[in-house]
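Take a look at the structure below.
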Amino acid sequence: MENIFGLSINDISNLIAPFDVPRFRAKQIAEWMYRKGASSFDGMTNLSKDLRKKLSDNFFIGRPSLIDKWDSSDDETTKFLLGFKDGVAVECVLMRHDYGNSVCISTQAGCSMGCRFCASTIHGVERDLLAGEMLSEVMYIDEYLKTTDEKAKVDTLVLMGSGEPMMNYDNVISFMRLIHEPYTLNMSYRSMTVSTAGIIDKIDSLANEDIPVSLAISLHAPNDDIRDLIMPVNKKYGVDDLIAAGKRYGDKTKRRVTYEYILIAGLNDSDDNAKELAKRLRGQLASVNLIPVNSVMKSDFQRPSKDRVNKFCAILNERHVAATVRREMGSDIAAACGQLRNRHIDCKS
Ligand code: SAH
């Protein structure tokens with residue numbers, strides 16, 4: 001049996017070609033799956049009984065099941081742990097902002113990047129997620145929103161959950177093209193953000209895809225000496241080359257690049273670190289998102305004081321590098337990447 005959830009109309013059309021039905025049937029099937037939440041062929045009432053039977057005999061609509069769900073105490077953030085048929089579990093998060101509903105999805109189960117501060121990478125990478133699986137994360141939350149308010153929907157999307165999107169490049173691109181389609185969630189590319197630990201050749205590939213998504217680069221250090229200590233990927237793709245790639249991305253797509261910078265007390269949070277960072281980013285169409293580190297099991301990184309964080313931010317702004325401190329959401333439900341999946345894995349083992 002083949003899973004058809006995640007296929008485009010074109011793919012479905014090719015798949016049902018042997019059944020000798022008109023091509024518009026593929027569009028109807030896609031709309032049932034992606035717009036009306038169908039999880040079986042039985043209810044697809046505008047298809048003949050015969051076609052429904054042929055479909056059920058050959059295919060299934062693979063959607064995840066809910067393993068667990070947590071709401072933050074302020075009700076702004078809800079985190080979902082979803083399970084796929086093969087037992088793989090991934091996290092996705094709904095954040096209710098005043099400007100709309102934002103969803104953060106995982107692109108891989110686990111992660112191979114080995115960043116020292118990150119919970120997602122502790123167990124390594126289990127497997128890549130398929131385009132349809134990423135779509136199913138967003139659709140799960142979109143349908144969840146509609147259970148309380150028919151008009152509510154997912155407005156913006158960040159690929160910032162577990163996994164490195166650029167290590168699962170083809171599936172990630174297929175997913176973004178799919179969720180952009182009018183017969184799925186019809187999301188604009190501008191409302192999507194891809195976050196990367198800095199795989200330079202893939203940043204360049206993304207710039208040439210002709211899909212103007214926003215790019216976030218997890219920089220986290222002003223120089224190679226510090227970045228080498230916390231991000232093994234820096235040994236291959238260093239700070240200078242990475243920032244140059246960010247600039248190329250901005251120039252090509254005209255989209256502002258965001259540099260994410262986790263602040264870790266005593267490691268990358270000094271005035272000199274801020275000055276060095278400002279010097280490197282000055283003149284680029286970029287902004288810096290400062291994130292006081294979340295402490296994660298098995299890591300002893302500490303957050304700087306509030307004053308330190310504000311001073312770091314001020315130094316960047318004084319030097320004409322736009323910087324903001326990220327408002328924290330969901331910390332009481334361990335919304336930082338990978339923390340819930342780990343709890344699930346640790347509980348199983
Ligand atoms: N692999 C991609 C996307 C997933 S990580 C990337 O590296 O960008 C998403 C963001 O969460 C990254 O900026 C990552 O560095 C950050 N992050 C991971 N662990 C964190 C922690 N303990 N505290 C704060 N941010 C963290």
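By convention here, the chains of the structure tokens are called A, B, ... in the order presented, each chain's residues are numbered starting at 1, and ligands are numbered starting at 1 in the order presented.
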
At most 6 Å from ligand 1 (only C-alpha atoms and all ligand atoms): residue list as number ranges by chain: A: 117-118, 160-164, 195-197, 217-218, 260, 262, 291, 293-296, 337

DSSP on the backbone, strand (DSSP E or B) only: what residues of stretch 213-345 of chain A does that give? Format it as a ChimeraX atom specification. /A:214-218,257-263,286-292,322-325

Using only N, CA, C and O atoms, please write the residues we just selected to a file, as a PDB file, in the first residue's frame.
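Contents of part_9.pdb, as written:
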```
ATOM      1  N   SER A 214      11.879  33.534   3.631  1.00  0.00           N
ATOM      2  CA  SER A 214      12.857  34.216   4.482  1.00  0.00           C
ATOM      3  C   SER A 214      13.882  33.201   4.973  1.00  0.00           C
ATOM      4  O   SER A 214      13.577  32.029   5.144  1.00  0.00           O
ATOM      5  N   LEU A 215      15.081  33.722   5.200  1.00  0.00           N
ATOM      6  CA  LEU A 215      16.166  32.856   5.672  1.00  0.00           C
ATOM      7  C   LEU A 215      16.622  33.319   7.052  1.00  0.00           C
ATOM      8  O   LEU A 215      16.809  34.515   7.286  1.00  0.00           O
ATOM      9  N   ALA A 216      16.771  32.361   7.949  1.00  0.00           N
ATOM     10  CA  ALA A 216      17.377  32.655   9.246  1.00  0.00           C
ATOM     11  C   ALA A 216      18.644  31.807   9.349  1.00  0.00           C
ATOM     12  O   ALA A 216      18.638  30.631   8.987  1.00  0.00           O
ATOM     13  N   ILE A 217      19.711  32.436   9.790  1.00  0.00           N
ATOM     14  CA  ILE A 217      20.986  31.715   9.927  1.00  0.00           C
ATOM     15  C   ILE A 217      21.353  31.660  11.409  1.00  0.00           C
ATOM     16  O   ILE A 217      21.411  32.694  12.080  1.00  0.00           O
ATOM     17  N   SER A 218      21.563  30.455  11.906  1.00  0.00           N
ATOM     18  CA  SER A 218      21.954  30.293  13.306  1.00  0.00           C
ATOM     19  C   SER A 218      23.449  30.574  13.413  1.00  0.00           C
ATOM     20  O   SER A 218      24.274  29.703  13.170  1.00  0.00           O
ATOM     21  N   VAL A 257      17.764  38.962   5.798  1.00  0.00           N
ATOM     22  CA  VAL A 257      18.223  37.731   6.451  1.00  0.00           C
ATOM     23  C   VAL A 257      18.278  37.964   7.969  1.00  0.00           C
ATOM     24  O   VAL A 257      18.707  39.030   8.421  1.00  0.00           O
ATOM     25  N   THR A 258      17.792  36.999   8.712  1.00  0.00           N
ATOM     26  CA  THR A 258      17.875  37.106  10.172  1.00  0.00           C
ATOM     27  C   THR A 258      19.027  36.245  10.664  1.00  0.00           C
ATOM     28  O   THR A 258      19.153  35.086  10.266  1.00  0.00           O
ATOM     29  N   TYR A 259      19.876  36.817  11.486  1.00  0.00           N
ATOM     30  CA  TYR A 259      20.919  36.024  12.147  1.00  0.00           C
ATOM     31  C   TYR A 259      20.451  35.737  13.564  1.00  0.00           C
ATOM     32  O   TYR A 259      20.186  36.662  14.332  1.00  0.00           O
ATOM     33  N   GLU A 260      20.340  34.454  13.875  1.00  0.00           N
ATOM     34  CA  GLU A 260      19.958  34.085  15.230  1.00  0.00           C
ATOM     35  C   GLU A 260      21.236  34.009  16.066  1.00  0.00           C
ATOM     36  O   GLU A 260      22.279  33.534  15.593  1.00  0.00           O
ATOM     37  N   TYR A 261      21.137  34.516  17.268  1.00  0.00           N
ATOM     38  CA  TYR A 261      22.326  34.547  18.126  1.00  0.00           C
ATOM     39  C   TYR A 261      21.906  34.180  19.540  1.00  0.00           C
ATOM     40  O   TYR A 261      21.252  34.953  20.238  1.00  0.00           O
ATOM     41  N   ILE A 262      22.228  32.960  19.934  1.00  0.00           N
ATOM     42  CA  ILE A 262      21.946  32.525  21.298  1.00  0.00           C
ATOM     43  C   ILE A 262      22.956  33.181  22.223  1.00  0.00           C
ATOM     44  O   ILE A 262      24.161  33.139  21.951  1.00  0.00           O
ATOM     45  N   LEU A 263      22.485  33.779  23.289  1.00  0.00           N
ATOM     46  CA  LEU A 263      23.424  34.375  24.245  1.00  0.00           C
ATOM     47  C   LEU A 263      23.713  33.395  25.375  1.00  0.00           C
ATOM     48  O   LEU A 263      22.795  32.922  26.058  1.00  0.00           O
ATOM     49  N   ALA A 286      20.122  42.903   7.030  1.00  0.00           N
ATOM     50  CA  ALA A 286      20.033  41.797   7.979  1.00  0.00           C
ATOM     51  C   ALA A 286      19.529  42.298   9.323  1.00  0.00           C
ATOM     52  O   ALA A 286      19.569  43.495   9.610  1.00  0.00           O
ATOM     53  N   SER A 287      19.034  41.379  10.126  1.00  0.00           N
ATOM     54  CA  SER A 287      18.739  41.745  11.505  1.00  0.00           C
ATOM     55  C   SER A 287      19.209  40.605  12.408  1.00  0.00           C
ATOM     56  O   SER A 287      19.404  39.473  11.947  1.00  0.00           O
ATOM     57  N   VAL A 288      19.410  40.945  13.668  1.00  0.00           N
ATOM     58  CA  VAL A 288      19.896  39.945  14.614  1.00  0.00           C
ATOM     59  C   VAL A 288      18.808  39.670  15.640  1.00  0.00           C
ATOM     60  O   VAL A 288      18.193  40.586  16.172  1.00  0.00           O
ATOM     61  N   ASN A 289      18.562  38.398  15.862  1.00  0.00           N
ATOM     62  CA  ASN A 289      17.579  37.962  16.832  1.00  0.00           C
ATOM     63  C   ASN A 289      18.336  37.354  18.013  1.00  0.00           C
ATOM     64  O   ASN A 289      18.977  36.306  17.859  1.00  0.00           O
ATOM     65  N   LEU A 290      18.308  38.040  19.128  1.00  0.00           N
ATOM     66  CA  LEU A 290      19.067  37.558  20.293  1.00  0.00           C
ATOM     67  C   LEU A 290      18.187  36.655  21.147  1.00  0.00           C
ATOM     68  O   LEU A 290      17.040  36.988  21.454  1.00  0.00           O
ATOM     69  N   ILE A 291      18.724  35.511  21.508  1.00  0.00           N
ATOM     70  CA  ILE A 291      17.941  34.506  22.237  1.00  0.00           C
ATOM     71  C   ILE A 291      18.731  34.038  23.452  1.00  0.00           C
ATOM     72  O   ILE A 291      19.727  33.327  23.308  1.00  0.00           O
ATOM     73  N   PRO A 292      18.325  34.466  24.656  1.00  0.00           N
ATOM     74  CA  PRO A 292      19.006  33.931  25.840  1.00  0.00           C
ATOM     75  C   PRO A 292      18.875  32.407  25.831  1.00  0.00           C
ATOM     76  O   PRO A 292      17.780  31.889  25.604  1.00  0.00           O
ATOM     77  N   ALA A 322      20.345  46.172  13.102  1.00  0.00           N
ATOM     78  CA  ALA A 322      19.042  46.001  13.751  1.00  0.00           C
ATOM     79  C   ALA A 322      19.050  44.728  14.591  1.00  0.00           C
ATOM     80  O   ALA A 322      19.340  43.644  14.090  1.00  0.00           O
ATOM     81  N   ALA A 323      18.756  44.892  15.882  1.00  0.00           N
ATOM     82  CA  ALA A 323      18.759  43.711  16.758  1.00  0.00           C
ATOM     83  C   ALA A 323      17.582  43.778  17.715  1.00  0.00           C
ATOM     84  O   ALA A 323      17.199  44.860  18.171  1.00  0.00           O
ATOM     85  N   THR A 324      16.991  42.638  17.994  1.00  0.00           N
ATOM     86  CA  THR A 324      15.917  42.552  18.982  1.00  0.00           C
ATOM     87  C   THR A 324      16.156  41.322  19.846  1.00  0.00           C
ATOM     88  O   THR A 324      16.821  40.378  19.421  1.00  0.00           O
ATOM     89  N   VAL A 325      15.580  41.371  21.037  1.00  0.00           N
ATOM     90  CA  VAL A 325      15.666  40.204  21.916  1.00  0.00           C
ATOM     91  C   VAL A 325      14.382  39.414  21.711  1.00  0.00           C
ATOM     92  O   VAL A 325      13.293  39.982  21.755  1.00  0.00           O
TER      93      VAL A 325
END
```

Env of stretch 79-85 of chain A: 7 Å cut, atoms = only C-alpha atoms, seq-sep filter 6 positions within chain, self excluded. Answer as a VMD selection string. chain A and resid 64 to 71 91 to 94 335

What gap, in Å, lies between atom CA of A:Lys27 and atom CA of A:Ser8?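 Value for the atom CA of A:Lys27-atom CA of A:Ser8 distance: 8.9 Å.
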
Need the shell around A:Asp210: protein/DNA/RNA residues with any atom at most 10 Å away, counting only C-alpha atoms. Skip same-chain ones fewer than 4 positions apart. Format as a PyMOL selection string? chain A and resi 189+205-206+252-253

Can you spit out the residues from that selection as a short mmCIF file (atom, residue, chain, number, x, y, z; two decimals), in the first residue's frame, using all heavy atoms?
```cif
data_model
loop_
_atom_site.label_atom_id
_atom_site.label_comp_id
_atom_site.auth_asym_id
_atom_site.auth_seq_id
_atom_site.Cartn_x
_atom_site.Cartn_y
_atom_site.Cartn_z
N TYR A 189 5.07 32.33 0.01
CA TYR A 189 6.46 32.05 0.37
C TYR A 189 6.97 33.05 1.40
O TYR A 189 7.80 32.73 2.25
CB TYR A 189 7.34 32.05 -0.87
CG TYR A 189 7.06 30.86 -1.78
CD1 TYR A 189 6.63 31.04 -3.09
CD2 TYR A 189 7.19 29.56 -1.30
CE1 TYR A 189 6.36 29.95 -3.92
CE2 TYR A 189 6.91 28.47 -2.11
CZ TYR A 189 6.50 28.66 -3.42
OH TYR A 189 6.22 27.59 -4.21
N SER A 205 21.78 27.32 -3.17
CA SER A 205 20.75 26.63 -3.97
C SER A 205 19.38 27.24 -3.70
O SER A 205 18.61 27.50 -4.63
CB SER A 205 20.68 25.14 -3.62
OG SER A 205 21.93 24.54 -3.78
N LEU A 206 19.09 27.47 -2.42
CA LEU A 206 17.78 28.02 -2.06
C LEU A 206 17.55 29.38 -2.72
O LEU A 206 16.45 29.68 -3.19
CB LEU A 206 17.68 28.15 -0.53
CG LEU A 206 16.35 28.64 0.03
CD1 LEU A 206 15.22 27.66 -0.27
CD2 LEU A 206 16.43 28.86 1.56
N LYS A 252 20.07 38.45 -3.70
CA LYS A 252 19.33 37.73 -4.75
C LYS A 252 17.82 37.79 -4.53
O LYS A 252 17.05 38.03 -5.45
CB LYS A 252 19.81 36.27 -4.77
CG LYS A 252 19.17 35.37 -5.79
CD LYS A 252 19.89 35.42 -7.11
CE LYS A 252 18.98 35.06 -8.26
NZ LYS A 252 19.09 33.75 -8.77
N THR A 253 17.38 37.58 -3.29
CA THR A 253 15.94 37.45 -3.05
C THR A 253 15.30 38.75 -2.56
O THR A 253 14.08 38.84 -2.47
CB THR A 253 15.66 36.38 -1.96
OG1 THR A 253 16.30 36.80 -0.75
CG2 THR A 253 16.19 35.01 -2.37
#
```

Shell around A:Gly62 at 12 Å using only C-alpha atoms, local window under 2 positions removed, as an mmCIF file with N, CA and C atoms, in the first residue's frame:
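The new file part_1.cif reads:
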```cif
data_model
loop_
_atom_site.group_PDB
_atom_site.id
_atom_site.type_symbol
_atom_site.label_atom_id
_atom_site.label_comp_id
_atom_site.auth_asym_id
_atom_site.auth_seq_id
_atom_site.Cartn_x
_atom_site.Cartn_y
_atom_site.Cartn_z
ATOM 1 N N MET A 1 0.849 -1.213 0.000
ATOM 2 C CA MET A 1 0.000 0.000 0.000
ATOM 3 C C MET A 1 0.875 1.250 0.000
ATOM 4 N N GLU A 2 0.509 2.188 -0.826
ATOM 5 C CA GLU A 2 1.310 3.408 -0.938
ATOM 6 C C GLU A 2 0.582 4.582 -0.287
ATOM 7 N N ASN A 3 1.343 5.391 0.438
ATOM 8 C CA ASN A 3 0.769 6.586 1.061
ATOM 9 C C ASN A 3 0.642 7.689 0.023
ATOM 10 N N ILE A 4 -0.558 8.232 -0.157
ATOM 11 C CA ILE A 4 -0.655 9.318 -1.149
ATOM 12 C C ILE A 4 -0.688 10.704 -0.497
ATOM 13 N N PHE A 5 -0.710 10.748 0.817
ATOM 14 C CA PHE A 5 -0.684 12.065 1.462
ATOM 15 C C PHE A 5 0.688 12.704 1.227
ATOM 16 N N GLY A 6 0.701 13.890 0.666
ATOM 17 C CA GLY A 6 1.971 14.552 0.373
ATOM 18 C C GLY A 6 2.250 14.614 -1.121
ATOM 19 N N LEU A 7 1.424 13.931 -1.914
ATOM 20 C CA LEU A 7 1.641 14.000 -3.365
ATOM 21 C C LEU A 7 0.955 15.239 -3.940
ATOM 22 N N MET A 33 -8.153 15.611 0.566
ATOM 23 C CA MET A 33 -7.077 15.375 1.544
ATOM 24 C C MET A 33 -6.598 16.654 2.197
ATOM 25 N N TYR A 34 -6.365 17.659 1.344
ATOM 26 C CA TYR A 34 -5.647 18.837 1.841
ATOM 27 C C TYR A 34 -6.546 19.988 2.284
ATOM 28 N N GLY A 37 -9.632 17.710 4.968
ATOM 29 C CA GLY A 37 -9.148 16.866 6.070
ATOM 30 C C GLY A 37 -9.480 15.391 5.962
ATOM 31 N N ALA A 38 -9.757 14.881 4.745
ATOM 32 C CA ALA A 38 -10.120 13.463 4.626
ATOM 33 C C ALA A 38 -8.954 12.561 5.041
ATOM 34 N N SER A 39 -9.278 11.527 5.785
ATOM 35 C CA SER A 39 -8.211 10.580 6.119
ATOM 36 C C SER A 39 -8.502 9.193 5.535
ATOM 37 N N SER A 40 -9.611 9.094 4.776
ATOM 38 C CA SER A 40 -9.860 7.859 4.020
ATOM 39 C C SER A 40 -10.613 8.233 2.736
ATOM 40 N N PHE A 41 -10.719 7.253 1.838
ATOM 41 C CA PHE A 41 -11.362 7.549 0.558
ATOM 42 C C PHE A 41 -12.883 7.421 0.631
ATOM 43 N N PHE A 59 -4.099 2.363 -2.031
ATOM 44 C CA PHE A 59 -3.407 3.479 -1.350
ATOM 45 C C PHE A 59 -4.012 3.740 0.025
ATOM 46 N N PHE A 60 -3.263 4.511 0.813
ATOM 47 C CA PHE A 60 -3.841 5.017 2.062
ATOM 48 C C PHE A 60 -3.427 6.469 2.236
ATOM 49 N N PRO A 64 -0.528 11.788 10.703
ATOM 50 C CA PRO A 64 0.038 11.440 12.016
ATOM 51 C C PRO A 64 -1.033 11.347 13.094
ATOM 52 N N SER A 65 -0.694 10.692 14.176
ATOM 53 C CA SER A 65 -1.617 10.677 15.314
ATOM 54 C C SER A 65 -0.985 11.483 16.450
ATOM 55 N N GLY A 83 2.940 11.356 16.001
ATOM 56 C CA GLY A 83 3.597 10.090 15.665
ATOM 57 C C GLY A 83 3.222 9.623 14.269
ATOM 58 N N PHE A 84 4.222 9.148 13.522
ATOM 59 C CA PHE A 84 3.963 8.591 12.191
ATOM 60 C C PHE A 84 3.864 7.076 12.284
ATOM 61 N N LYS A 85 3.445 6.477 11.180
ATOM 62 C CA LYS A 85 3.128 5.051 11.136
ATOM 63 C C LYS A 85 4.291 4.152 11.591
ATOM 64 N N ASP A 86 5.529 4.612 11.288
ATOM 65 C CA ASP A 86 6.683 3.768 11.627
ATOM 66 C C ASP A 86 7.168 3.982 13.060
ATOM 67 N N LEU A 130 9.435 13.403 5.174
ATOM 68 C CA LEU A 130 9.004 13.600 3.790
ATOM 69 C C LEU A 130 8.189 14.891 3.697
ATOM 70 N N GLY A 132 5.231 15.345 2.654
ATOM 71 C CA GLY A 132 3.872 15.139 3.151
ATOM 72 C C GLY A 132 3.826 15.113 4.675
ATOM 73 N N GLU A 133 4.894 14.629 5.290
ATOM 74 C CA GLU A 133 4.921 14.590 6.758
ATOM 75 C C GLU A 133 5.047 16.004 7.329
ATOM 76 N N MET A 134 5.843 16.841 6.667
ATOM 77 C CA MET A 134 5.940 18.237 7.124
ATOM 78 C C MET A 134 4.595 18.941 6.920
ATOM 79 N N LEU A 135 3.971 18.675 5.758
ATOM 80 C CA LEU A 135 2.650 19.271 5.512
ATOM 81 C C LEU A 135 1.656 18.796 6.574
ATOM 82 N N SER A 136 1.763 17.532 6.962
ATOM 83 C CA SER A 136 0.793 17.000 7.926
ATOM 84 C C SER A 136 0.972 17.641 9.302
ATOM 85 N N GLU A 137 2.188 18.067 9.642
ATOM 86 C CA GLU A 137 2.375 18.791 10.909
ATOM 87 C C GLU A 137 1.561 20.088 10.884
#
```

For each of A:Ser174, A:Asn14, A:Asn268, A:Thr148, take the minimum atom-to-atom distance to A:Leu219, counting only C-alpha atoms, then give the residue where this is smallest.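 For A:Leu219, the nearest of the given residues is A:Asn268.
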